[in-house]
Every structure is written in structure tokens, then in C-alpha cells.
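Engineer: Contents of query_22.txt (compact mmCIF, C-alpha atoms) are given next:
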# COMPACT_ATOMS: atom_id res chain seq x y z
CA MET A 1 20.91 -4.57 -7.04
CA GLU A 2 20.90 -7.62 -9.27
CA ASP A 3 19.42 -7.13 -12.73
CA LYS A 4 16.94 -9.98 -12.17
CA VAL A 5 15.62 -8.39 -8.99
CA LYS A 6 15.47 -4.97 -10.65
CA LYS A 7 13.39 -6.40 -13.52
CA GLU A 8 11.06 -8.18 -11.07
CA LEU A 9 10.50 -4.92 -9.17
CA GLN A 10 9.88 -3.00 -12.38
CA SER A 11 7.42 -5.64 -13.53
CA ALA A 12 5.57 -5.54 -10.21
CA ALA A 13 5.41 -1.73 -10.30
CA PHE A 14 4.08 -1.84 -13.88
CA GLU A 15 1.37 -4.32 -12.86
CA ARG A 16 0.41 -2.03 -9.96
CA LEU A 17 0.14 0.89 -12.38
CA ILE A 18 -2.08 -1.14 -14.69
CA ASN A 19 -4.29 -2.26 -11.79
CA HIS A 20 -4.49 1.30 -10.50
CA LEU A 21 -5.62 2.57 -13.92
CA ARG A 22 -8.16 -0.27 -14.19
CA GLU A 23 -9.64 0.80 -10.85
CA ARG A 24 -9.62 4.52 -11.76
CA LYS A 25 -12.05 4.32 -14.65
CA ASP A 26 -13.08 7.89 -13.85
CA VAL A 27 -9.71 9.11 -15.10
CA GLN A 28 -10.02 9.59 -18.83
CA ASN A 29 -7.17 8.99 -21.28
CA LEU A 30 -7.30 12.64 -22.30
CA ASP A 31 -6.74 13.64 -18.67
CA LEU A 32 -3.72 11.34 -18.49
CA MET A 33 -2.30 12.71 -21.74
CA ASN A 34 -2.71 16.31 -20.59
CA LEU A 35 -1.16 15.71 -17.17
CA ALA A 36 1.37 12.93 -17.72
CA GLY A 37 2.05 12.84 -21.45
CA PHE A 38 0.88 9.22 -21.79
CA CYS A 39 -2.34 7.24 -21.48
CA ARG A 40 -3.62 3.68 -21.36
CA ASN A 41 -3.34 3.42 -25.14
CA CYS A 42 0.31 4.50 -24.94
CA LEU A 43 0.96 1.79 -22.35
CA SER A 44 -0.66 -0.84 -24.57
CA LYS A 45 1.43 0.31 -27.53
CA TRP A 46 4.63 0.18 -25.48
CA TYR A 47 3.65 -3.30 -24.24
CA ARG A 48 3.15 -4.51 -27.82
CA GLU A 49 6.41 -2.92 -28.99
CA GLU A 50 8.38 -4.60 -26.20
CA ALA A 51 6.79 -7.94 -27.10
CA GLU A 52 7.84 -7.45 -30.73
CA LYS A 53 11.45 -6.88 -29.61
CA LYS A 54 11.30 -10.41 -28.20
CA ASN A 55 9.70 -11.78 -31.38
CA ILE A 56 6.34 -12.15 -29.65
CA ASN A 57 3.42 -11.11 -31.81
CA ILE A 58 0.68 -9.33 -29.91
CA THR A 59 -2.03 -7.43 -31.75
CA ASP A 60 -3.09 -3.95 -30.70
CA PRO A 61 -6.45 -5.26 -29.44
CA GLU A 62 -4.68 -7.93 -27.34
CA ALA A 63 -2.29 -5.38 -25.86
CA ARG A 64 -5.16 -3.00 -25.07
CA GLU A 65 -7.12 -5.79 -23.41
CA HIS A 66 -4.10 -6.50 -21.20
CA ILE A 67 -3.96 -2.86 -20.11
CA TYR A 68 -7.71 -2.19 -19.84
CA GLY A 69 -8.63 -5.58 -18.35
CA MET A 70 -11.36 -6.01 -20.97
CA PRO A 71 -11.78 -5.46 -24.71
CA TYR A 72 -11.15 -1.81 -25.57
CA ALA A 73 -14.54 -1.38 -27.27
CA GLU A 74 -16.27 -2.58 -24.09
CA TRP A 75 -14.22 -0.18 -21.92
CA LYS A 76 -15.01 2.74 -24.24
CA GLU A 77 -18.73 1.96 -24.18
CA LYS A 78 -18.83 1.67 -20.39
CA TYR A 79 -16.40 4.34 -19.22
CA GLN A 80 -15.36 6.83 -21.90
CA LYS A 81 -17.11 10.16 -21.49
Would you write out, as C-alpha cells, the structure that this file holds?
Structural biologist:
Amino acid sequence: MEDKVKKELQSAAFERLINHLRERKDVQNLDLMNLAGFCRNCLSKWYREEAEKKNINITDPEAREHIYGMPYAEWKEKYQK
């Protein structure tokens, strides 16, 4: 498989994961950490770190908003138990 195609597939799968987690607001980050060893905050941190490798500055709040689909404070207020 060509590297370009591989990266496109990985990107699409990552976006599906993000959308799935946005839809499953009932699944708490603690549940994810206990079962999978990562959570939405981990994903946002990894997203920011990968951006930094490409000299793209993204703040933690911006990265979290990308993962959560809204500002983190708003998500916490609405959905965190």
C-alpha cells in the first residue's frame, strides 16, 4: 500500500474514532482510561504533540476542542458525571 493512501486511511479512521467518542458522551474519560489506557484528553494531547512536530502551534484548549467538538469546559459541564 502506498504511504499516501495509508496515511489517508489512518486519518479517516482517526476522524471516525473522534466522531464516535463525540457521539458516546455517556462514556466517561475515566471509563476509557480504565479499559483502554487512554481517553479523550490523551487524544487531544497526542494531536497537539503531532502538530508541534510539524511546527504547528496548537494550544491544549484548541486541541481539546478538536477532539470534544466543543470547548472542554462546556463538555465537562454538560456531560462529565
Engineer: List the spatial neighbours of range 21-28 of chain A as a list in words - criterion: any atom at most 7 Å away, only C-alpha atoms, same-chain residues fewer than 5 positions off excluded.
Structural biologist: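 Those residues are Tyr68, Gly69, Tyr79 and Gln80 of chain A.
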Engineer: Between CA of Glu15 in chain A and CA of His66 in chain A, what distance in Å does the model show, to one decimal?
Structural biologist: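 For CA of Glu15 in chain A relative to CA of His66 in chain A, the distance reads 10.2 Å.
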Engineer: For a cut-off of 12 Å around (4.6, -7.1, -24.2), file coordinates, pick out all residues using all atoms listed in the file and list them as a list in words.
Structural biologist: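 Output of the proximity query reads Ser11, Phe14, Leu43, Ser44, Lys45, Trp46, Tyr47, Arg48, Glu49, Glu50, Ala51, Glu52, Lys53, Lys54, Asn55, Ile56, Asn57, Ile58, Thr59, Asp60, Glu62, Ala63, Arg64, Glu65, His66 and Ile67 of chain A.
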Engineer: Output C-alpha atoms for every residue in the selection just made, as a PDB file, in the frame of the given file.
Structural biologist:
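Result file follows (again-v4.pdb):
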ATOM      1  CA  SER A  11       7.420  -5.640 -13.530  1.00  0.00           C
ATOM      2  CA  PHE A  14       4.080  -1.840 -13.880  1.00  0.00           C
ATOM      3  CA  LEU A  43       0.960   1.790 -22.350  1.00  0.00           C
ATOM      4  CA  SER A  44      -0.660  -0.840 -24.570  1.00  0.00           C
ATOM      5  CA  LYS A  45       1.430   0.310 -27.530  1.00  0.00           C
ATOM      6  CA  TRP A  46       4.630   0.180 -25.480  1.00  0.00           C
ATOM      7  CA  TYR A  47       3.650  -3.300 -24.240  1.00  0.00           C
ATOM      8  CA  ARG A  48       3.150  -4.510 -27.820  1.00  0.00           C
ATOM      9  CA  GLU A  49       6.410  -2.920 -28.990  1.00  0.00           C
ATOM     10  CA  GLU A  50       8.380  -4.600 -26.200  1.00  0.00           C
ATOM     11  CA  ALA A  51       6.790  -7.940 -27.100  1.00  0.00           C
ATOM     12  CA  GLU A  52       7.840  -7.450 -30.730  1.00  0.00           C
ATOM     13  CA  LYS A  53      11.450  -6.880 -29.610  1.00  0.00           C
ATOM     14  CA  LYS A  54      11.300 -10.410 -28.200  1.00  0.00           C
ATOM     15  CA  ASN A  55       9.700 -11.780 -31.380  1.00  0.00           C
ATOM     16  CA  ILE A  56       6.340 -12.150 -29.650  1.00  0.00           C
ATOM     17  CA  ASN A  57       3.420 -11.110 -31.810  1.00  0.00           C
ATOM     18  CA  ILE A  58       0.680  -9.330 -29.910  1.00  0.00           C
ATOM     19  CA  THR A  59      -2.030  -7.430 -31.750  1.00  0.00           C
ATOM     20  CA  ASP A  60      -3.090  -3.950 -30.700  1.00  0.00           C
ATOM     21  CA  GLU A  62      -4.680  -7.930 -27.340  1.00  0.00           C
ATOM     22  CA  ALA A  63      -2.290  -5.380 -25.860  1.00  0.00           C
ATOM     23  CA  ARG A  64      -5.160  -3.000 -25.070  1.00  0.00           C
ATOM     24  CA  GLU A  65      -7.120  -5.790 -23.410  1.00  0.00           C
ATOM     25  CA  HIS A  66      -4.100  -6.500 -21.200  1.00  0.00           C
ATOM     26  CA  ILE A  67      -3.960  -2.860 -20.110  1.00  0.00           C
TER      27      ILE A  67
END
Engineer: How far is it from CA of Tyr72 in chain A to CA of Asn29 in chain A, in Å with one decimal?
Structural biologist: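 According to the coordinates, CA of Tyr72 in chain A and CA of Asn29 in chain A are separated by 12.3 Å.
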Engineer: Between CA of Ile18 in chain A and CA of Cys39 in chain A, what is the distance in Å, rounded to a tenth?
Structural biologist: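 Separation of CA of Ile18 in chain A and CA of Cys39 in chain A: 10.8 Å.
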Engineer: For Asn41 in chain A, which residue out of A:Gln10, A:Lys76, A:Asp3, A:His20 is the nearest one, using all atoms listed in the file?
Structural biologist: A:Lys76
Engineer: Enclose range 18-23 of chain A, meaning all of its atoms listed in the file, in a box aligned along x, y and z, pad it by 4 Å on each side, and list the centre and edge lengths in Å to one decimal, as JSON.
Structural biologist:
{"center_x": -5.9, "center_y": 0.2, "center_z": -12.6, "size_x": 15.6, "size_y": 12.8, "size_z": 12.2}
